[in-house]
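Asks: Structure file coords-v1.cif (mmCIF, C-alpha atoms) right here:
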```cif
data_start
loop_
_atom_site.label_atom_id
_atom_site.label_comp_id
_atom_site.auth_asym_id
_atom_site.auth_seq_id
_atom_site.Cartn_x
_atom_site.Cartn_y
_atom_site.Cartn_z
CA MET A 1 99.50 111.51 123.88
CA ALA A 2 101.41 112.96 121.13
CA ALA A 3 100.97 113.56 118.17
CA GLY A 4 103.61 112.41 116.87
CA ALA A 5 102.15 109.96 118.29
CA GLY A 6 101.46 107.65 121.18
CA ALA A 7 98.06 107.14 122.67
CA LEU A 8 95.86 109.69 121.05
CA ALA A 9 92.56 109.84 122.87
CA PRO A 10 90.47 108.40 125.68
CA PHE A 11 88.93 105.02 125.04
CA PRO A 12 85.34 103.93 125.53
CA GLY A 13 84.08 101.65 128.25
CA PRO A 14 81.60 101.43 131.10
CA PRO A 15 82.46 103.30 134.31
CA SER A 16 82.84 100.04 136.23
CA ALA A 17 85.40 98.54 133.85
CA SER A 18 88.96 97.92 134.89
CA LEU A 19 91.33 100.87 134.73
CA HIS A 20 93.58 98.87 132.46
CA GLU A 21 90.91 98.84 129.75
CA PHE A 22 91.76 102.46 128.96
CA PRO A 23 94.88 104.25 127.74
CA TYR A 24 93.38 107.48 129.10
CA PRO A 25 91.87 108.16 132.46
CA PRO A 26 88.29 107.13 133.01
CA GLN A 27 86.63 107.94 136.31
CA THR A 28 86.78 104.76 138.38
CA GLY A 29 83.60 104.38 140.34
CA PRO A 30 80.33 106.27 140.08
CA ARG A 31 80.21 109.41 138.02
CA VAL A 32 80.24 112.44 140.29
CA ALA A 33 79.54 116.11 139.77
CA PRO A 34 82.35 118.05 138.07
CA GLY A 35 84.86 119.30 140.56
CA SER A 36 83.80 116.93 143.30
CA PRO A 37 86.55 114.84 144.91
CA THR A 38 84.10 112.18 146.08
CA GLY A 39 85.10 108.71 144.91
CA GLY A 40 88.30 109.85 143.18
CA VAL A 41 90.21 113.01 142.33
CA PRO A 42 88.78 116.27 140.98
CA PRO A 43 88.51 116.28 137.17
CA VAL A 44 90.91 119.23 136.88
CA THR A 45 93.48 117.28 138.88
CA ASP A 46 92.85 114.26 136.66
CA LEU A 47 93.65 116.34 133.61
CA VAL A 48 96.90 117.60 135.14
CA LEU A 49 97.87 114.03 136.05
CA GLY A 50 97.11 112.82 132.53
CA ALA A 51 99.22 115.57 131.00
CA THR A 52 102.03 114.81 133.44
CA ALA A 53 101.86 111.11 132.55
CA GLY A 54 102.14 112.01 128.87
CA CYS A 55 105.23 114.09 129.59
CA LEU A 56 106.87 111.23 131.50
CA ALA A 57 106.16 108.85 128.62
CA CYS A 58 107.57 111.44 126.20
CA VAL A 59 110.95 111.32 127.94
CA LEU A 60 111.24 107.61 127.13
CA THR A 61 109.83 107.69 123.59
CA ASN A 62 111.39 110.96 122.34
CA PRO A 63 114.32 109.15 120.65
CA LEU A 64 111.84 107.55 118.26
CA GLU A 65 110.39 111.00 117.57
CA VAL A 66 113.85 112.24 116.56
CA VAL A 67 114.37 109.23 114.28
CA LYS A 68 110.87 109.58 112.79
CA THR A 69 111.44 113.27 111.99
CA ARG A 70 114.75 112.57 110.22
CA LEU A 71 113.28 109.68 108.20
CA GLN A 72 110.29 111.75 107.10
CA LEU A 73 112.47 114.65 105.92
CA GLN A 74 114.99 112.46 104.12
CA GLY A 75 114.82 112.82 100.34
CA GLU A 76 112.25 115.60 100.49
CA LEU A 77 110.60 116.07 97.06
CA GLN A 78 113.26 113.92 95.36
CA PRO A 79 112.52 110.74 93.36
CA PRO A 80 113.45 107.48 95.13
CA GLY A 81 117.04 106.40 94.59
CA THR A 82 118.33 109.85 93.63
CA TYR A 83 119.48 111.08 97.04
CA PRO A 84 121.88 109.93 99.78
CA ARG A 85 120.27 108.04 102.67
CA PRO A 86 122.15 108.63 105.94
CA TYR A 87 119.14 107.16 107.78
CA ARG A 88 118.18 103.61 106.75
CA GLY A 89 115.53 102.06 108.95
CA VAL A 90 114.86 102.71 112.62
CA LEU A 91 117.83 100.93 114.20
CA ARG A 92 120.43 102.22 111.76
CA ALA A 93 118.92 105.69 112.03
CA VAL A 94 119.41 105.55 115.81
CA GLY A 95 123.06 104.74 115.22
CA ALA A 96 123.41 107.57 112.68
CA VAL A 97 121.92 110.08 115.14
CA CYS A 98 124.29 108.92 117.90
CA ARG A 99 127.34 109.16 115.65
CA ALA A 100 126.45 112.66 114.47
CA ASP A 101 125.04 114.19 117.66
CA GLY A 102 126.07 111.84 120.45
CA LEU A 103 123.66 110.10 122.80
CA ARG A 104 122.18 113.48 123.72
CA GLY A 105 121.07 113.80 120.11
CA LEU A 106 118.37 111.20 120.76
CA GLN A 107 116.71 113.66 123.12
CA LYS A 108 116.77 116.65 120.79
CA GLY A 109 113.63 118.75 121.06
CA LEU A 110 112.69 117.13 124.37
CA ALA A 111 111.77 120.40 126.12
CA ALA A 112 109.51 121.40 123.24
CA GLY A 113 108.06 117.89 123.18
CA LEU A 114 107.22 118.09 126.87
CA LEU A 115 105.58 121.48 126.36
CA TYR A 116 103.53 120.06 123.51
CA GLN A 117 102.45 117.04 125.58
CA GLY A 118 101.36 119.24 128.48
CA LEU A 119 99.42 121.71 126.33
CA MET A 120 97.87 119.22 123.96
CA ASN A 121 96.89 116.60 126.51
CA GLY A 122 95.61 119.10 129.07
CA VAL A 123 93.24 120.64 126.51
CA ARG A 124 92.28 117.26 125.08
CA PHE A 125 91.47 115.74 128.45
CA TYR A 126 89.37 118.77 129.35
CA CYS A 127 87.43 118.72 126.07
CA TYR A 128 86.79 114.98 126.26
CA SER A 129 85.68 115.28 129.88
CA CYS A 130 83.21 117.99 128.87
CA ALA A 131 81.85 115.70 126.15
CA GLU A 132 81.42 112.93 128.73
CA ASP A 133 79.63 115.24 131.16
CA ALA A 134 77.30 116.35 128.37
CA GLY A 135 76.49 112.72 127.55
CA TRP A 136 77.76 112.95 123.96
CA THR A 137 79.96 109.86 124.31
CA GLY A 138 76.89 107.74 125.04
CA TYR A 139 75.60 108.05 121.47
CA PRO A 140 76.69 105.61 118.74
CA GLY A 141 80.01 106.82 117.44
CA GLY A 142 80.05 109.56 120.05
CA THR A 143 83.26 108.35 121.68
CA VAL A 144 85.18 108.33 118.40
CA ALA A 145 83.81 111.74 117.41
CA ALA A 146 84.51 113.27 120.84
CA GLY A 147 88.05 111.85 120.86
CA ALA A 148 88.77 113.16 117.36
CA VAL A 149 87.42 116.64 118.11
CA ALA A 150 89.19 116.83 121.48
CA GLY A 151 92.43 115.73 119.82
CA ALA A 152 92.06 118.32 117.07
CA VAL A 153 91.51 121.14 119.57
CA GLY A 154 94.51 119.97 121.62
CA ALA A 155 96.68 119.80 118.50
CA PHE A 156 95.75 123.37 117.58
CA VAL A 157 96.64 124.71 121.03
CA GLY A 158 99.92 122.80 121.15
CA SER A 159 100.93 123.55 117.55
CA PRO A 160 103.61 126.20 118.32
CA ALA A 161 105.43 123.73 120.58
CA TYR A 162 105.27 121.01 117.92
CA LEU A 163 106.62 123.47 115.34
CA VAL A 164 109.68 124.19 117.47
CA LYS A 165 110.11 120.49 118.34
CA THR A 166 110.26 119.59 114.65
CA HIS A 167 112.81 122.34 113.92
CA LEU A 168 115.08 121.24 116.79
CA GLN A 169 114.86 117.52 116.02
CA ALA A 170 115.78 118.07 112.37
CA GLN A 171 118.96 120.01 113.23
CA THR A 172 122.22 118.11 112.91
CA LEU A 173 125.63 118.14 111.21
CA ALA A 174 125.66 119.17 107.57
CA ALA A 175 126.97 115.74 106.48
CA VAL A 176 123.80 113.97 107.64
CA ALA A 177 121.33 116.87 107.56
CA VAL A 178 117.91 116.29 105.99
CA GLY A 179 115.25 118.90 105.36
CA HIS A 180 115.68 122.61 105.98
CA GLN A 181 118.01 123.52 108.86
CA HIS A 182 116.59 126.36 110.98
CA ASN A 183 119.65 126.48 113.27
CA HIS A 184 117.92 127.48 116.49
CA GLU A 185 120.18 127.54 119.54
CA SER A 186 117.50 126.72 122.13
CA ILE A 187 113.76 126.34 122.59
CA SER A 188 113.41 129.91 123.86
CA GLY A 189 115.57 131.20 121.03
CA ALA A 190 113.39 129.31 118.54
CA PHE A 191 110.16 130.85 119.82
CA GLU A 192 111.76 134.31 119.88
CA SER A 193 113.16 133.99 116.35
CA ILE A 194 109.90 132.73 114.85
CA TYR A 195 107.87 135.44 116.56
CA LYS A 196 110.23 138.25 115.52
CA GLN A 197 110.34 137.14 111.90
CA HIS A 198 106.78 135.99 111.34
CA GLY A 199 104.61 137.29 114.17
CA VAL A 200 101.95 135.33 116.03
CA ALA A 201 100.65 133.75 112.81
CA GLY A 202 104.08 132.21 112.24
CA LEU A 203 103.82 130.21 115.46
CA TRP A 204 100.84 128.36 113.99
CA ARG A 205 102.43 127.67 110.63
CA GLY A 206 101.81 124.03 109.72
CA VAL A 207 98.78 123.62 111.97
CA THR A 208 96.70 122.56 108.94
CA GLY A 209 98.67 119.31 108.96
CA ALA A 210 98.68 118.80 112.73
CA VAL A 211 94.92 118.99 113.31
CA PRO A 212 93.89 116.22 110.86
CA ARG A 213 96.89 114.16 111.97
CA VAL A 214 95.75 113.96 115.59
CA ALA A 215 92.05 113.73 114.70
CA VAL A 216 92.58 110.80 112.33
CA GLY A 217 94.98 109.07 114.72
CA SER A 218 92.55 109.46 117.63
CA ALA A 219 89.63 108.08 115.65
CA ALA A 220 91.64 105.11 114.33
CA GLN A 221 92.96 104.21 117.76
CA LEU A 222 89.58 104.55 119.42
CA ALA A 223 88.04 102.31 116.79
CA THR A 224 90.66 99.53 117.03
CA PHE A 225 92.28 99.42 120.46
CA ALA A 226 89.51 97.74 122.48
CA SER A 227 88.86 95.05 119.87
CA ALA A 228 92.59 94.43 119.41
CA LYS A 229 93.10 93.96 123.16
CA ASP A 230 90.10 91.62 123.37
CA TRP A 231 91.52 89.62 120.46
CA VAL A 232 94.83 89.22 122.31
CA CYS A 233 93.07 88.13 125.52
CA GLU A 234 90.86 85.62 123.69
CA ARG A 235 93.99 83.81 122.55
CA GLN A 236 95.14 83.68 126.18
CA TRP A 237 98.54 85.09 125.38
CA PHE A 238 98.34 87.29 128.47
CA GLY A 239 96.06 87.60 131.48
CA GLU A 240 93.02 89.82 130.95
CA GLY A 241 93.55 93.27 132.48
CA SER A 242 97.36 92.86 132.64
CA TRP A 243 99.75 95.52 131.40
CA ALA A 244 101.17 92.95 128.93
CA ALA A 245 97.71 92.55 127.38
CA VAL A 246 97.33 96.32 127.10
CA LEU A 247 100.77 96.59 125.46
CA ALA A 248 100.03 93.75 123.04
CA GLY A 249 96.66 95.27 122.21
CA GLY A 250 98.32 98.61 121.66
CA MET A 251 100.86 97.10 119.29
CA VAL A 252 98.17 95.26 117.30
CA SER A 253 96.01 98.39 117.17
CA GLY A 254 99.13 100.32 116.27
CA VAL A 255 99.21 98.66 112.84
CA ALA A 256 95.89 100.25 111.87
CA VAL A 257 96.79 103.57 113.49
CA ALA A 258 100.21 103.74 111.83
CA VAL A 259 98.77 102.96 108.38
CA THR A 260 96.07 105.62 108.65
CA MET A 261 98.05 108.29 110.51
CA THR A 262 101.54 108.17 108.94
CA PRO A 263 100.62 110.10 105.74
CA PHE A 264 99.21 112.90 107.89
CA ASP A 265 102.29 112.70 110.11
CA VAL A 266 104.62 113.08 107.12
CA VAL A 267 102.64 116.06 105.80
CA SER A 268 102.63 117.65 109.25
CA THR A 269 106.43 117.29 109.60
CA ARG A 270 107.03 118.74 106.12
CA LEU A 271 104.73 121.74 106.66
CA TYR A 272 106.30 122.52 110.03
CA ASN A 273 109.89 122.26 108.84
CA GLN A 274 109.74 123.92 105.41
CA PRO A 275 111.52 127.26 104.92
CA VAL A 276 109.40 130.36 104.46
CA ASP A 277 109.63 133.56 102.42
CA ALA A 278 113.12 135.03 102.47
CA ASP A 279 111.95 138.38 103.82
CA GLY A 280 110.11 136.63 106.64
CA ALA A 281 107.21 139.07 106.38
CA VAL A 282 103.73 138.13 107.45
CA ARG A 283 101.80 139.27 104.44
CA GLN A 284 98.41 140.91 104.47
CA LYS A 285 95.67 140.05 102.03
CA MET A 286 93.38 142.89 101.26
CA VAL A 287 89.73 141.92 101.55
CA GLY A 288 88.03 142.38 98.17
CA ASP A 289 91.32 142.57 96.30
CA THR A 290 93.46 139.75 94.88
CA ARG A 291 96.74 141.64 95.33
CA PHE A 292 99.17 141.17 98.21
CA PHE A 293 100.80 144.04 100.04
CA PRO A 294 104.05 143.58 102.00
CA GLY A 295 103.11 146.00 104.75
CA LEU A 296 101.17 148.94 103.35
CA ARG A 297 97.44 149.19 103.94
CA PRO A 298 95.52 151.86 102.02
CA ALA A 299 92.99 153.82 104.04
CA GLY A 300 89.54 152.27 104.18
CA VAL A 301 90.71 148.81 103.07
CA ARG A 302 90.35 145.99 105.56
CA SER A 303 92.91 143.20 105.75
CA ARG A 304 93.55 139.95 107.50
CA LEU A 305 96.87 138.43 108.53
CA LEU A 306 98.16 135.40 106.66
CA SER A 307 100.72 132.85 107.78
CA PRO A 308 104.21 133.19 106.26
CA GLN A 309 104.24 131.62 102.81
CA GLY A 310 106.21 128.37 102.64
CA LYS A 311 108.78 127.96 99.88
CA LEU A 312 107.96 124.30 99.23
CA TYR A 313 104.27 123.78 99.96
CA ARG A 314 101.28 126.10 99.72
CA GLY A 315 99.27 124.05 102.20
CA PHE A 316 97.99 120.65 103.27
CA LEU A 317 96.61 119.41 99.94
CA ASP A 318 99.51 120.83 97.94
CA CYS A 319 101.93 118.98 100.23
CA ILE A 320 100.13 115.66 99.67
CA LEU A 321 100.08 116.15 95.90
CA GLN A 322 103.74 117.14 95.68
CA ILE A 323 104.95 114.23 97.81
CA SER A 324 102.82 111.75 95.84
CA SER A 325 103.95 113.03 92.44
CA LYS A 326 107.67 113.46 93.21
CA GLU A 327 108.37 110.76 95.81
CA GLY A 328 105.62 108.28 94.97
CA LEU A 329 102.84 107.10 97.27
CA LEU A 330 105.40 105.40 99.51
CA GLY A 331 106.81 108.84 100.24
CA LEU A 332 103.74 109.41 102.40
CA TYR A 333 104.78 106.46 104.55
CA LYS A 334 108.33 107.50 105.36
CA GLY A 335 109.12 106.80 109.00
CA ILE A 336 106.21 104.40 109.47
CA GLY A 337 108.45 101.98 111.37
CA ALA A 338 109.28 104.59 113.99
CA VAL A 339 105.63 105.69 114.16
CA TYR A 340 104.51 102.12 114.80
CA LEU A 341 107.20 101.26 117.35
CA ARG A 342 106.33 104.37 119.36
CA LEU A 343 102.55 103.86 119.53
CA GLY A 344 102.22 100.82 121.82
CA PRO A 345 104.94 101.71 124.36
CA HIS A 346 103.83 105.34 124.58
CA THR A 347 100.22 104.29 125.20
CA VAL A 348 101.13 101.85 127.97
CA LEU A 349 103.73 104.12 129.58
CA SER A 350 101.19 106.94 129.69
CA LEU A 351 98.65 104.61 131.27
CA PHE A 352 101.14 103.32 133.82
CA PHE A 353 102.39 106.74 134.88
CA TRP A 354 98.85 108.13 135.05
CA ASP A 355 97.70 105.20 137.18
CA GLU A 356 100.58 105.57 139.65
CA LEU A 357 100.23 109.36 139.90
CA ARG A 358 96.50 109.04 140.51
CA LYS A 359 97.09 106.53 143.31
CA MET A 360 99.56 108.93 144.93
CA VAL A 361 97.03 111.78 144.84
CA GLN A 362 94.26 109.57 146.19
CA HIS A 363 96.46 108.50 149.11
CA GLN A 364 97.07 112.15 149.98
CA GLN A 365 93.35 112.98 150.16
CA PRO A 366 91.64 112.92 153.57
CA PRO A 367 89.21 110.03 154.02
CA GLY A 368 85.56 110.81 153.30
CA PRO A 369 82.96 111.09 156.06
#
```
Mind turning this structure into structure tokens?
Replies:
Amino acid sequence: MAAGAGALAPFPGPPSASLHEFPYPPQTGPRVAPGSPTGGVPPVTDLVLGATAGCLACVLTNPLEVVKTRLQLQGELQPPGTYPRPYRGVLRAVGAVCRADGLRGLQKGLAAGLLYQGLMNGVRFYCYSCAEDAGWTGYPGGTVAAGAVAGAVGAFVGSPAYLVKTHLQAQTLAAVAVGHQHNHESISGAFESIYKQHGVAGLWRGVTGAVPRVAVGSAAQLATFASAKDWVCERQWFGEGSWAAVLAGGMVSGVAVAVTMTPFDVVSTRLYNQPVDADGAVRQKMVGDTRFFPGLRPAGVRSRLLSPQGKLYRGFLDCILQISSKEGLLGLYKGIGAVYLRLGPHTVLSLFFWDELRKMVQHQQPPGP
């Protein structure tokens, strides 16, 4: 599920394993030809159900996304101890959001978050399913690689929605505002404003941080979740195959995922939320020339569109270097508490909703011959 992030990719396992072994939908029963409803639901339906499950989980975990965004933008490019901290830790940050924006403030950016979940997970499920059909997941390391690539493609497709989500979740009263305030009035107004000022390229501003974020998170979760859940079951804390065991495994795995993914998450949030050139123009770089032209293109000179230039960061690597030098290495781990607390619940909620939706669809199908 999201990026921001929750369960990030399908998990490996034999086709006959229990459904509860996976935080993303495996085909239960024998593998069938793509599109065939025999023994389950059509793969396309499965993808829709998985995306829907991610959206339902998003409704319940979005407050932590709001808190995470505020914590990651707090004290941007300022040395520790030199700036006011309206948000101190996850619980106190929740209280600060409620005082400034009311209870509804905890669901800021929800519509954009749901759009992101639907786009990103639909594409990711489809790509991972194609990798399974091609047999790539059967090779050593194939599952991790397929999950990372599928997550990266999904993150690219869903990037405009994540951009708007970040803008909306950062907006608040001036007294407790952190990061740049874009002051959008609605999700539709945000998309319209960004497109009018920066063109299509502006909708994908910040994608260079989103793609590695989801790819790294997917790979880390794939590599740790199964072993973490087995470790929990071996200690007989919970019954094997129970939702409690999956949740506990998700929370244990979440430590490794949060540690590896949070720096990419911080960079992604900063790149998405930074202000851009004052004139808002999408510049054109002339091929074969080092000069930039605001809108004029001499005859016979080819050009390619560039994303709007950010005022704070020139790109992914520049963002990492600036945060490290000005905020210290710990600046790359801002909001890690909210990232961690969201991972396990989002994984299990997505699994639960997907499982129940799939049962409903299966019950509506006519019995086989």
Asks: At what distance in Å, to one decimal, does CA of Leu114 in chain A lie from CA of Ser186 in chain A?
Replies: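 One can read the CA of Ser186 in chain A to CA of Leu114 in chain A distance as 14.2 Å.
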Asks: Going by the chain IDs and residue numbers used in this file, which residues fall under the PyMOL selection byres ((chain A and resi 193) around 12)? Write them as an MDAnalysis selection string.
Replies: chainID A and resid 164 167 182:192 194:200 202:203 280
Asks: Between CA of Gly179 in chain A and CA of Ile323 in chain A, what is the distance, to one decimal in Å?
Replies: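 For CA of Gly179 in chain A relative to CA of Ile323 in chain A, the distance reads 13.6 Å.
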Asks: Can you pull out every residue within 8 Å of Gly337 in chain A, counting only C-alpha atoms, but drop anything in the same chain fewer than 4 positions away, and send it as a PyMOL selection string?
Replies: chain A and resi 89-90+341
Asks: Go through A:Thr143, A:Gln72, A:Gln309, A:Thr52 one by one, measure the shortest atom-to-atom distance of each to Ile336 in chain A using all atoms listed in the file, and give the residue with the smallest value.
Replies: A:Gln72
Asks: Can you give me, as a CSV table (one decimal) with C-alpha atoms, in the coordinates of the input, the residues this file yields under the PyMOL selection byres ((chain A and resi 121) around 10)?
Replies:
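Written output follows (expr-v8.csv):
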```
chain,number,residue,atom,x,y,z
A,1,MET,CA,99.5,111.5,123.9
A,2,ALA,CA,101.4,113.0,121.1
A,3,ALA,CA,101.0,113.6,118.2
A,8,LEU,CA,95.9,109.7,121.0
A,9,ALA,CA,92.6,109.8,122.9
A,47,LEU,CA,93.6,116.3,133.6
A,48,VAL,CA,96.9,117.6,135.1
A,49,LEU,CA,97.9,114.0,136.0
A,50,GLY,CA,97.1,112.8,132.5
A,51,ALA,CA,99.2,115.6,131.0
A,52,THR,CA,102.0,114.8,133.4
A,53,ALA,CA,101.9,111.1,132.6
A,54,GLY,CA,102.1,112.0,128.9
A,55,CYS,CA,105.2,114.1,129.6
A,115,LEU,CA,105.6,121.5,126.4
A,116,TYR,CA,103.5,120.1,123.5
A,117,GLN,CA,102.4,117.0,125.6
A,118,GLY,CA,101.4,119.2,128.5
A,119,LEU,CA,99.4,121.7,126.3
A,120,MET,CA,97.9,119.2,124.0
A,122,GLY,CA,95.6,119.1,129.1
A,123,VAL,CA,93.2,120.6,126.5
A,124,ARG,CA,92.3,117.3,125.1
A,125,PHE,CA,91.5,115.7,128.4
A,126,TYR,CA,89.4,118.8,129.4
A,127,CYS,CA,87.4,118.7,126.1
A,150,ALA,CA,89.2,116.8,121.5
A,151,GLY,CA,92.4,115.7,119.8
A,153,VAL,CA,91.5,121.1,119.6
A,154,GLY,CA,94.5,120.0,121.6
A,155,ALA,CA,96.7,119.8,118.5
A,157,VAL,CA,96.6,124.7,121.0
A,158,GLY,CA,99.9,122.8,121.2
```
Asks: Apply the PyMOL selection byres ((chain A and resi 245) around 12) to the displayed file and report the matching residues as a ChimeraX atom specification.
Replies: /A:20-22,225-244,246-253,344,348
Asks: I'd like the contact shell of Lys68 in chain A - 12 Å cut-off, only C-alpha atoms, skipping same-chain residues fewer than 6 positions apart - returned as a compact mmCIF listing (two decimals) with C-alpha atoms, keeping the file's coordinate frame.
Replies:
```txt
# COMPACT_ATOMS: atom_id res chain seq x y z
CA ALA A 3 100.97 113.56 118.17
CA GLY A 4 103.61 112.41 116.87
CA ALA A 5 102.15 109.96 118.29
CA THR A 61 109.83 107.69 123.59
CA ASN A 62 111.39 110.96 122.34
CA GLN A 74 114.99 112.46 104.12
CA TYR A 87 119.14 107.16 107.78
CA ARG A 88 118.18 103.61 106.75
CA GLY A 89 115.53 102.06 108.95
CA VAL A 90 114.86 102.71 112.62
CA LEU A 91 117.83 100.93 114.20
CA ALA A 93 118.92 105.69 112.03
CA VAL A 94 119.41 105.55 115.81
CA VAL A 97 121.92 110.08 115.14
CA LEU A 106 118.37 111.20 120.76
CA THR A 166 110.26 119.59 114.65
CA GLN A 169 114.86 117.52 116.02
CA ALA A 170 115.78 118.07 112.37
CA VAL A 178 117.91 116.29 105.99
CA THR A 262 101.54 108.17 108.94
CA ASP A 265 102.29 112.70 110.11
CA VAL A 266 104.62 113.08 107.12
CA THR A 269 106.43 117.29 109.60
CA ARG A 270 107.03 118.74 106.12
CA TYR A 333 104.78 106.46 104.55
CA LYS A 334 108.33 107.50 105.36
CA GLY A 335 109.12 106.80 109.00
CA ILE A 336 106.21 104.40 109.47
CA GLY A 337 108.45 101.98 111.37
CA ALA A 338 109.28 104.59 113.99
CA VAL A 339 105.63 105.69 114.16
CA TYR A 340 104.51 102.12 114.80
CA LEU A 341 107.20 101.26 117.35
CA ARG A 342 106.33 104.37 119.36
```
Asks: Interatomic distance between CA of Lys311 in chain A and CA of Tyr272 in chain A?
Replies: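 Rounded to one decimal, the two atoms are 11.8 Å apart.
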